[in-house]
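For reference, upload-v4.pdb is printed below; it contains PDB, C-alpha atoms and all ligand atoms.
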ATOM      1  CA  MET A   7       1.421  17.787   6.589  1.00  0.00           C
ATOM      2  CA  ILE A   8       0.742  15.617   3.583  1.00  0.00           C
ATOM      3  CA  ASN A   9      -0.421  12.054   4.082  1.00  0.00           C
ATOM      4  CA  ILE A  10      -0.874   9.976   0.962  1.00  0.00           C
ATOM      5  CA  VAL A  11      -2.297   6.522   0.414  1.00  0.00           C
ATOM      6  CA  LEU A  12      -0.788   4.684  -2.538  1.00  0.00           C
ATOM      7  CA  PHE A  13      -3.413   2.418  -3.945  1.00  0.00           C
ATOM      8  CA  GLY A  14      -3.227  -0.272  -6.602  1.00  0.00           C
ATOM      9  CA  LYS A  15      -2.981  -3.972  -7.266  1.00  0.00           C
ATOM     10  CA  PRO A  16       0.092  -5.985  -6.371  1.00  0.00           C
ATOM     11  CA  GLY A  17       2.819  -5.149  -8.876  1.00  0.00           C
ATOM     12  CA  ALA A  18       1.353  -1.745  -9.784  1.00  0.00           C
ATOM     13  CA  GLY A  19       4.568  -0.049  -8.647  1.00  0.00           C
ATOM     14  CA  LYS A  20       3.515   1.338  -5.255  1.00  0.00           C
ATOM     15  CA  GLY A  21       6.783   0.459  -3.523  1.00  0.00           C
ATOM     16  CA  THR A  22       8.948   1.770  -6.361  1.00  0.00           C
ATOM     17  CA  GLN A  23       7.077   5.057  -6.549  1.00  0.00           C
ATOM     18  CA  ALA A  24       6.969   5.413  -2.757  1.00  0.00           C
ATOM     19  CA  MET A  25      10.777   5.555  -2.772  1.00  0.00           C
ATOM     20  CA  PHE A  26      10.613   8.580  -5.050  1.00  0.00           C
ATOM     21  CA  LEU A  27       7.814  10.328  -3.150  1.00  0.00           C
ATOM     22  CA  LYS A  28       9.596   9.782   0.133  1.00  0.00           C
ATOM     23  CA  THR A  29      12.692  11.655  -1.036  1.00  0.00           C
ATOM     24  CA  ASN A  30      10.942  14.287  -3.089  1.00  0.00           C
ATOM     25  CA  PHE A  31       8.374  15.330  -0.503  1.00  0.00           C
ATOM     26  CA  ASN A  32      10.360  14.346   2.594  1.00  0.00           C
ATOM     27  CA  LEU A  33       7.799  11.810   3.817  1.00  0.00           C
ATOM     28  CA  VAL A  34       7.976   8.647   5.887  1.00  0.00           C
ATOM     29  CA  HIS A  35       7.195   5.536   3.845  1.00  0.00           C
ATOM     30  CA  ILE A  36       5.207   2.823   5.619  1.00  0.00           C
ATOM     31  CA  SER A  37       4.596  -0.428   3.766  1.00  0.00           C
ATOM     32  CA  THR A  38       2.653  -3.008   5.765  1.00  0.00           C
ATOM     33  CA  GLY A  39       3.932  -5.728   3.394  1.00  0.00           C
ATOM     34  CA  ASP A  40       7.546  -4.733   4.180  1.00  0.00           C
ATOM     35  CA  LEU A  41       6.773  -4.655   7.919  1.00  0.00           C
ATOM     36  CA  PHE A  42       5.300  -8.160   7.736  1.00  0.00           C
ATOM     37  CA  ARG A  43       8.316  -9.418   5.762  1.00  0.00           C
ATOM     38  CA  LYS A  44      10.661  -7.922   8.380  1.00  0.00           C
ATOM     39  CA  ASN A  45       8.737  -9.811  11.061  1.00  0.00           C
ATOM     40  CA  ILE A  46       8.927 -13.026   9.036  1.00  0.00           C
ATOM     41  CA  LYS A  47      12.693 -12.594   8.658  1.00  0.00           C
ATOM     42  CA  ASN A  48      13.056 -12.029  12.405  1.00  0.00           C
ATOM     43  CA  GLU A  49      10.810 -15.046  13.086  1.00  0.00           C
ATOM     44  CA  THR A  50       8.508 -13.123  15.428  1.00  0.00           C
ATOM     45  CA  THR A  51       5.090 -14.438  16.470  1.00  0.00           C
ATOM     46  CA  LEU A  52       3.496 -11.807  14.241  1.00  0.00           C
ATOM     47  CA  GLY A  53       5.747 -12.903  11.375  1.00  0.00           C
ATOM     48  CA  LYS A  54       4.671 -16.523  11.720  1.00  0.00           C
ATOM     49  CA  LEU A  55       1.019 -15.558  11.728  1.00  0.00           C
ATOM     50  CA  ALA A  56       1.399 -13.193   8.752  1.00  0.00           C
ATOM     51  CA  LYS A  57       3.345 -15.773   6.744  1.00  0.00           C
ATOM     52  CA  SER A  58       0.494 -18.266   6.925  1.00  0.00           C
ATOM     53  CA  TYR A  59      -1.706 -15.766   5.058  1.00  0.00           C
ATOM     54  CA  MET A  60       0.877 -14.127   2.811  1.00  0.00           C
ATOM     55  CA  ASP A  61       2.214 -17.342   1.326  1.00  0.00           C
ATOM     56  CA  LYS A  62      -1.269 -18.093  -0.002  1.00  0.00           C
ATOM     57  CA  GLY A  63      -1.855 -14.574  -1.246  1.00  0.00           C
ATOM     58  CA  ASP A  64      -4.569 -13.931   1.362  1.00  0.00           C
ATOM     59  CA  LEU A  65      -4.859 -10.740   3.383  1.00  0.00           C
ATOM     60  CA  VAL A  66      -3.595 -10.787   6.969  1.00  0.00           C
ATOM     61  CA  PRO A  67      -6.497 -10.191   9.436  1.00  0.00           C
ATOM     62  CA  ASP A  68      -7.455  -6.564  10.021  1.00  0.00           C
ATOM     63  CA  LYS A  69      -6.815  -6.397  13.771  1.00  0.00           C
ATOM     64  CA  VAL A  70      -3.112  -7.348  13.602  1.00  0.00           C
ATOM     65  CA  THR A  71      -2.544  -5.234  10.497  1.00  0.00           C
ATOM     66  CA  ILE A  72      -4.148  -2.145  12.014  1.00  0.00           C
ATOM     67  CA  ASP A  73      -2.181  -2.543  15.278  1.00  0.00           C
ATOM     68  CA  LEU A  74       1.044  -2.909  13.305  1.00  0.00           C
ATOM     69  CA  LEU A  75       0.353   0.215  11.265  1.00  0.00           C
ATOM     70  CA  GLU A  76      -0.586   2.338  14.275  1.00  0.00           C
ATOM     71  CA  THR A  77       2.526   1.273  16.196  1.00  0.00           C
ATOM     72  CA  GLU A  78       4.681   2.250  13.222  1.00  0.00           C
ATOM     73  CA  VAL A  79       3.051   5.681  12.835  1.00  0.00           C
ATOM     74  CA  ASP A  80       3.458   6.312  16.571  1.00  0.00           C
ATOM     75  CA  GLN A  81       7.192   5.673  16.293  1.00  0.00           C
ATOM     76  CA  ASN A  82       7.650   8.623  13.949  1.00  0.00           C
ATOM     77  CA  HIS A  83       7.507  12.117  15.371  1.00  0.00           C
ATOM     78  CA  GLN A  84       7.645  15.559  13.810  1.00  0.00           C
ATOM     79  CA  VAL A  85       7.434  14.331  10.241  1.00  0.00           C
ATOM     80  CA  ASN A  86       6.192  16.088   7.097  1.00  0.00           C
ATOM     81  CA  GLY A  87       3.755  13.271   6.483  1.00  0.00           C
ATOM     82  CA  PHE A  88       3.405   9.630   5.568  1.00  0.00           C
ATOM     83  CA  ILE A  89       3.075   7.549   2.432  1.00  0.00           C
ATOM     84  CA  PHE A  90       0.887   4.570   3.232  1.00  0.00           C
ATOM     85  CA  ASP A  91       1.801   1.793   0.804  1.00  0.00           C
ATOM     86  CA  GLY A  92      -0.418  -1.295   0.820  1.00  0.00           C
ATOM     87  CA  PHE A  93      -2.560   0.053   3.662  1.00  0.00           C
ATOM     88  CA  PRO A  94      -5.524   0.357   3.942  1.00  0.00           C
ATOM     89  CA  ARG A  95      -6.660  -2.717   2.028  1.00  0.00           C
ATOM     90  CA  THR A  96     -10.132  -3.126   3.565  1.00  0.00           C
ATOM     91  CA  LYS A  97     -12.918  -0.748   4.540  1.00  0.00           C
ATOM     92  CA  SER A  98     -12.340  -1.547   8.189  1.00  0.00           C
ATOM     93  CA  GLN A  99      -8.660  -0.579   7.822  1.00  0.00           C
ATOM     94  CA  ALA A 100      -9.624   2.655   6.031  1.00  0.00           C
ATOM     95  CA  LYS A 101     -12.064   3.637   8.779  1.00  0.00           C
ATOM     96  CA  SER A 102      -9.545   2.783  11.495  1.00  0.00           C
ATOM     97  CA  LEU A 103      -6.904   4.862   9.753  1.00  0.00           C
ATOM     98  CA  ASP A 104      -9.220   7.880   9.500  1.00  0.00           C
ATOM     99  CA  ASN A 105     -10.164   7.622  13.198  1.00  0.00           C
ATOM    100  CA  PHE A 106      -6.573   7.083  14.277  1.00  0.00           C
ATOM    101  CA  LEU A 107      -5.339  10.101  12.298  1.00  0.00           C
ATOM    102  CA  LEU A 108      -8.235  12.243  13.491  1.00  0.00           C
ATOM    103  CA  LYS A 109      -7.191  11.667  17.105  1.00  0.00           C
ATOM    104  CA  LYS A 110      -3.803  13.103  16.160  1.00  0.00           C
ATOM    105  CA  GLU A 111      -5.383  15.999  14.262  1.00  0.00           C
ATOM    106  CA  MET A 112      -4.107  14.511  11.041  1.00  0.00           C
ATOM    107  CA  SER A 113      -5.886  13.309   7.906  1.00  0.00           C
ATOM    108  CA  ILE A 114      -5.373  11.694   4.521  1.00  0.00           C
ATOM    109  CA  LYS A 115      -4.726  14.275   1.832  1.00  0.00           C
ATOM    110  CA  ALA A 116      -5.150  11.972  -1.145  1.00  0.00           C
ATOM    111  CA  THR A 117      -5.456   8.369  -2.194  1.00  0.00           C
ATOM    112  CA  ILE A 118      -3.710   7.740  -5.482  1.00  0.00           C
ATOM    113  CA  ALA A 119      -4.310   4.596  -7.496  1.00  0.00           C
ATOM    114  CA  LEU A 120      -1.728   3.296  -9.941  1.00  0.00           C
ATOM    115  CA  GLU A 121      -3.799   1.626 -12.647  1.00  0.00           C
ATOM    116  CA  ALA A 122      -2.493  -1.281 -14.710  1.00  0.00           C
ATOM    117  CA  ASP A 123      -3.844  -4.240 -16.594  1.00  0.00           C
ATOM    118  CA  ASP A 124      -3.866  -7.636 -14.798  1.00  0.00           C
ATOM    119  CA  ASP A 125      -1.862  -9.453 -17.473  1.00  0.00           C
ATOM    120  CA  VAL A 126       0.876  -6.804 -17.382  1.00  0.00           C
ATOM    121  CA  LEU A 127       0.965  -7.084 -13.590  1.00  0.00           C
ATOM    122  CA  VAL A 128       1.202 -10.892 -13.621  1.00  0.00           C
ATOM    123  CA  LYS A 129       4.240 -10.659 -15.926  1.00  0.00           C
ATOM    124  CA  ARG A 130       5.851  -8.002 -13.705  1.00  0.00           C
ATOM    125  CA  LEU A 131       5.282 -10.020 -10.530  1.00  0.00           C
ATOM    126  CA  LEU A 132       6.561 -13.295 -11.979  1.00  0.00           C
ATOM    127  CA  MET A 133       9.681 -11.439 -13.115  1.00  0.00           C
ATOM    128  CA  ARG A 134      10.079  -9.867  -9.655  1.00  0.00           C
ATOM    129  CA  GLY A 135       9.620 -13.324  -8.109  1.00  0.00           C
ATOM    130  CA  GLU A 136      12.722 -14.575  -9.943  1.00  0.00           C
ATOM    131  CA  THR A 137      14.927 -12.252  -7.909  1.00  0.00           C
ATOM    132  CA  SER A 138      12.902 -11.167  -4.850  1.00  0.00           C
ATOM    133  CA  GLY A 139      12.601 -14.631  -3.340  1.00  0.00           C
ATOM    134  CA  ARG A 140       8.972 -13.806  -2.512  1.00  0.00           C
ATOM    135  CA  ILE A 141       6.900 -16.976  -2.562  1.00  0.00           C
ATOM    136  CA  ASP A 142       3.748 -14.978  -3.314  1.00  0.00           C
ATOM    137  CA  ASP A 143       5.369 -13.620  -6.515  1.00  0.00           C
ATOM    138  CA  GLN A 144       6.390 -16.996  -7.911  1.00  0.00           C
ATOM    139  CA  ASP A 145       3.101 -18.667  -8.693  1.00  0.00           C
ATOM    140  CA  GLU A 146       0.416 -17.298 -11.014  1.00  0.00           C
ATOM    141  CA  THR A 147      -2.420 -18.882  -8.971  1.00  0.00           C
ATOM    142  CA  LYS A 148      -1.249 -17.056  -5.842  1.00  0.00           C
ATOM    143  CA  ILE A 149      -0.858 -13.823  -7.794  1.00  0.00           C
ATOM    144  CA  ARG A 150      -4.395 -14.160  -9.194  1.00  0.00           C
ATOM    145  CA  ASN A 151      -5.647 -14.835  -5.650  1.00  0.00           C
ATOM    146  CA  ARG A 152      -4.051 -11.559  -4.534  1.00  0.00           C
ATOM    147  CA  PHE A 153      -5.936  -9.821  -7.375  1.00  0.00           C
ATOM    148  CA  ASP A 154      -9.180 -11.478  -6.188  1.00  0.00           C
ATOM    149  CA  GLU A 155      -8.531 -10.234  -2.650  1.00  0.00           C
ATOM    150  CA  TYR A 156      -7.941  -6.777  -4.103  1.00  0.00           C
ATOM    151  CA  ASN A 157     -11.128  -6.839  -6.209  1.00  0.00           C
ATOM    152  CA  GLN A 158     -13.285  -8.053  -3.326  1.00  0.00           C
ATOM    153  CA  LYS A 159     -11.861  -6.179  -0.359  1.00  0.00           C
ATOM    154  CA  THR A 160      -9.696  -3.296  -1.552  1.00  0.00           C
ATOM    155  CA  ALA A 161     -11.372  -1.994  -4.725  1.00  0.00           C
ATOM    156  CA  PRO A 162     -14.494  -0.893  -2.736  1.00  0.00           C
ATOM    157  CA  LEU A 163     -12.277   1.688  -1.011  1.00  0.00           C
ATOM    158  CA  LYS A 164     -12.461   3.730  -4.203  1.00  0.00           C
ATOM    159  CA  SER A 165     -16.012   4.790  -3.339  1.00  0.00           C
ATOM    160  CA  TYR A 166     -15.019   5.313   0.321  1.00  0.00           C
ATOM    161  CA  TYR A 167     -12.349   7.861  -0.690  1.00  0.00           C
ATOM    162  CA  ASP A 168     -14.434   9.205  -3.587  1.00  0.00           C
ATOM    163  CA  ALA A 169     -17.098  10.175  -1.064  1.00  0.00           C
ATOM    164  CA  GLN A 170     -14.407  12.255   0.683  1.00  0.00           C
ATOM    165  CA  ARG A 171     -13.272  13.652  -2.704  1.00  0.00           C
ATOM    166  CA  LYS A 172      -9.824  12.241  -2.093  1.00  0.00           C
ATOM    167  CA  PHE A 173      -9.559   9.565  -4.769  1.00  0.00           C
ATOM    168  CA  HIS A 174      -7.270  10.071  -7.760  1.00  0.00           C
ATOM    169  CA  SER A 175      -5.892   7.639 -10.268  1.00  0.00           C
ATOM    170  CA  ILE A 176      -3.017   7.726 -12.675  1.00  0.00           C
ATOM    171  CA  ASP A 177      -1.885   5.464 -15.494  1.00  0.00           C
ATOM    172  CA  GLY A 178       0.581   2.996 -13.996  1.00  0.00           C
ATOM    173  CA  ILE A 179       1.897   1.814 -17.361  1.00  0.00           C
ATOM    174  CA  GLY A 180       5.108   3.374 -18.631  1.00  0.00           C
ATOM    175  CA  THR A 181       8.668   3.792 -17.445  1.00  0.00           C
ATOM    176  CA  VAL A 182       9.316   4.363 -13.744  1.00  0.00           C
ATOM    177  CA  GLU A 183      10.289   7.955 -14.595  1.00  0.00           C
ATOM    178  CA  GLU A 184       7.092   8.600 -16.557  1.00  0.00           C
ATOM    179  CA  ILE A 185       4.924   7.356 -13.702  1.00  0.00           C
ATOM    180  CA  THR A 186       6.950   9.349 -11.183  1.00  0.00           C
ATOM    181  CA  PHE A 187       6.368  12.461 -13.298  1.00  0.00           C
ATOM    182  CA  ARG A 188       2.589  11.860 -13.371  1.00  0.00           C
ATOM    183  CA  LEU A 189       2.552  11.370  -9.602  1.00  0.00           C
ATOM    184  CA  LYS A 190       4.582  14.483  -8.928  1.00  0.00           C
ATOM    185  CA  LEU A 191       2.278  16.620 -11.114  1.00  0.00           C
ATOM    186  CA  LEU A 192      -0.740  15.299  -9.250  1.00  0.00           C
ATOM    187  CA  ILE A 193       0.709  15.802  -5.772  1.00  0.00           C
ATOM    188  CA  ASP A 194       1.955  19.298  -6.615  1.00  0.00           C
ATOM    189  CA  SER A 195      -1.558  20.176  -7.739  1.00  0.00           C
ATOM    190  CA  LEU A 196      -2.946  19.107  -4.354  1.00  0.00           C
ATOM    191  CA  GLN A 197      -0.774  21.393  -2.256  1.00  0.00           C
TER     192      GLN A 197
HETATM  193  P1  LIG A 201       2.537  -6.182  -0.419  1.00  0.00           P
HETATM  194  O1  LIG A 201       3.992  -6.170  -0.115  1.00  0.00           O
HETATM  195  O2  LIG A 201       1.870  -4.862  -0.157  1.00  0.00           O
HETATM  196  O3  LIG A 201       2.229  -6.707  -1.805  1.00  0.00           O
HETATM  197  O4  LIG A 201       1.835  -7.206   0.606  1.00  0.00           O
HETATM  198  C1  LIG A 201       2.206  -8.557   0.604  1.00  0.00           C
HETATM  199  C2  LIG A 201       1.212  -9.340   1.453  1.00  0.00           C
HETATM  200  O5  LIG A 201       1.245  -8.852   2.805  1.00  0.00           O
HETATM  201  C3  LIG A 201      -0.250  -9.233   1.036  1.00  0.00           C
HETATM  202  O6  LIG A 201      -0.572 -10.143  -0.011  1.00  0.00           O
HETATM  203  C4  LIG A 201      -0.947  -9.573   2.336  1.00  0.00           C
HETATM  204  O7  LIG A 201      -0.904 -10.964   2.605  1.00  0.00           O
HETATM  205  C5  LIG A 201      -0.049  -8.884   3.373  1.00  0.00           C
HETATM  206  N1  LIG A 201      -0.493  -7.492   3.608  1.00  0.00           N
HETATM  207  C6  LIG A 201       0.198  -6.355   3.347  1.00  0.00           C
HETATM  208  N2  LIG A 201      -0.499  -5.265   3.685  1.00  0.00           N
HETATM  209  C7  LIG A 201      -1.692  -5.715   4.158  1.00  0.00           C
HETATM  210  C8  LIG A 201      -2.867  -5.088   4.634  1.00  0.00           C
HETATM  211  N3  LIG A 201      -2.981  -3.750   4.671  1.00  0.00           N
HETATM  212  N4  LIG A 201      -3.895  -5.873   5.048  1.00  0.00           N
HETATM  213  C9  LIG A 201      -3.802  -7.219   5.024  1.00  0.00           C
HETATM  214  N5  LIG A 201      -2.742  -7.882   4.547  1.00  0.00           N
HETATM  215  C10 LIG A 201      -1.682  -7.145   4.125  1.00  0.00           C
END

Rewrite the structure from the file as structure tokens, please.
Amino acid sequence: MINIVLFGKPGAGKGTQAMFLKTNFNLVHISTGDLFRKNIKNETTLGKLAKSYMDKGDLVPDKVTIDLLETEVDQNHQVNGFIFDGFPRTKSQAKSLDNFLLKKEMSIKATIALEADDDVLVKRLLMRGETSGRIDDQDETKIRNRFDEYNQKTAPLKSYYDAQRKFHSIDGIGTVEEITFRLKLLIDSLQ
């Protein structure tokens, strides 16, 4: 089983690359952002709560995010592994994920960061916002707030996974195909 965490700032290309990894390695892709957006679309209680944070570019509280993730994992049986996209984003989420997987005799194989410069990411996100309809992609202040959340709460996970010798990073600048190639090389080397 191969469980991978895709790590990186908003706009780094996690979702795009997860689509490739999913097909290539026959994995289940779980994006907490997508799950929240599905809940918002369906106007669930969780969706309403999540929206109040997401629209500002703030992180949704850990408890609801962790519960959501665990429920989603539990719904998938007999799989080759998971790609966790946008989760964990805090140390508490990372610890919960490790404990949750341990109970199932599973573990994270690798955490892979897609690295890119903030200014490049802002341009990418504003462009995405023109077609995605995502409120959090349409305003540079909200985008910069998401980067602040990342720097404060998510970036410290590098040392958490480093301590487990599971942290890897690749250059997230280039064409989609180039980045996919770098990812594939890295994942093949892990197996
Ligand atoms: P994403 O689609 O991964 O860029 O996530 C969009 C938004 O959903 C984030 O800015 C957060 O508000 C929320 N979100 C997604 N994943 C998480 C998470 N693991 N923890 C807290 N909030 C999250």

(message) If the limit is 9 Å from any atom of ligand LIG 201 (chain A), counting all atoms listed in the file, which residues qualify? Return them as a ChimeraX atom specification.
(response) /A:15-17,20-21,37-43,56-68,70-72,75,91-96,99,142-143,149,151-152,155

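Nearest residue to Thr186 (chain A), choosing from A:Leu120, A:Asp80, A:Ile114, A:Leu131 and counting all atoms listed in the file: A:Leu120.
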
(request) Just say which residues the PyMOL selection byres (((chain A and resi 79) around 12) and not hetatm) picks in this file, as a list in words. (result)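 Selected by the PyMOL selection byres (((chain A and resi 79) around 12) and not hetatm) in this file: Asn9, Leu33, Val34, His35, Ile36, Ser37, Thr38, Ile72, Asp73, Leu74, Leu75, Glu76, Thr77, Glu78, Asp80, Gln81, Asn82, His83, Gln84, Val85, Gly87, Phe88, Ile89, Phe90, Leu103, Phe106, Leu107, Lys110 and Met112 of chain A.
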
(message) Report, in Å to a single decimal, how far apart CA of Thr117 (chain A) and CA of Ser175 (chain A) are.
(response)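 So the answer is 8.1 Å.
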
(request) Provide the CA of Tyr166 (chain A) to CA of Asp154 (chain A) distance in Å, to one decimal place. (result) 18.9 Å

Return as lines of an AutoDock Vina configuration file the box centre and box size in Å, one decimal, for an axis-aligned box around all listed atoms of region 158-168 of chain A padded by 4 Å per side.
center_x = -12.9
center_y = 0.6
center_z = -2.2
size_x = 14.3
size_y = 25.3
size_z = 13.0

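Here CA of Lys129 (chain A) is placed at a distance of 9.1 Å from CA of Glu146 (chain A).
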
(message) Considering only C-alpha atoms, can you say which of A:Arg150, A:Tyr156, A:Lys69, A:Val11 comes closest to Val128 (chain A)?
(response) A:Arg150

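Proximity ranking of A:Ile118, A:Leu192, A:Leu55, A:Thr147 relative to Leu132 (chain A) places A:Thr147 first, based on all atoms listed in the file.
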
(request) Name the residues within 7 Å of (-4.6, 1.5, -16.7), counting all atoms listed in the file in the file's coordinates, and put them as a ChimeraX atom specification. (result) /A:121-123,177-179

(message) Assuming the chain letters and numbering stay as they are in my file, what does the PyMOL selection byres (((chain A and resi 23) around 9) and not hetatm) actually select? List them as a list in words.
(response)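 Selected by the PyMOL selection byres (((chain A and resi 23) around 9) and not hetatm) in this file: Leu12, Gly19, Lys20, Gly21, Thr22, Ala24, Met25, Phe26, Leu27, Lys28, Val182, Ile185, Thr186 and Leu189 of chain A.
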
(request) Rank nothing, just name the residue among A:Ala18, A:Leu196, A:Ala100, A:Leu52 nearest to Ser165 (chain A), using all atoms listed in the file. (result) A:Ala100
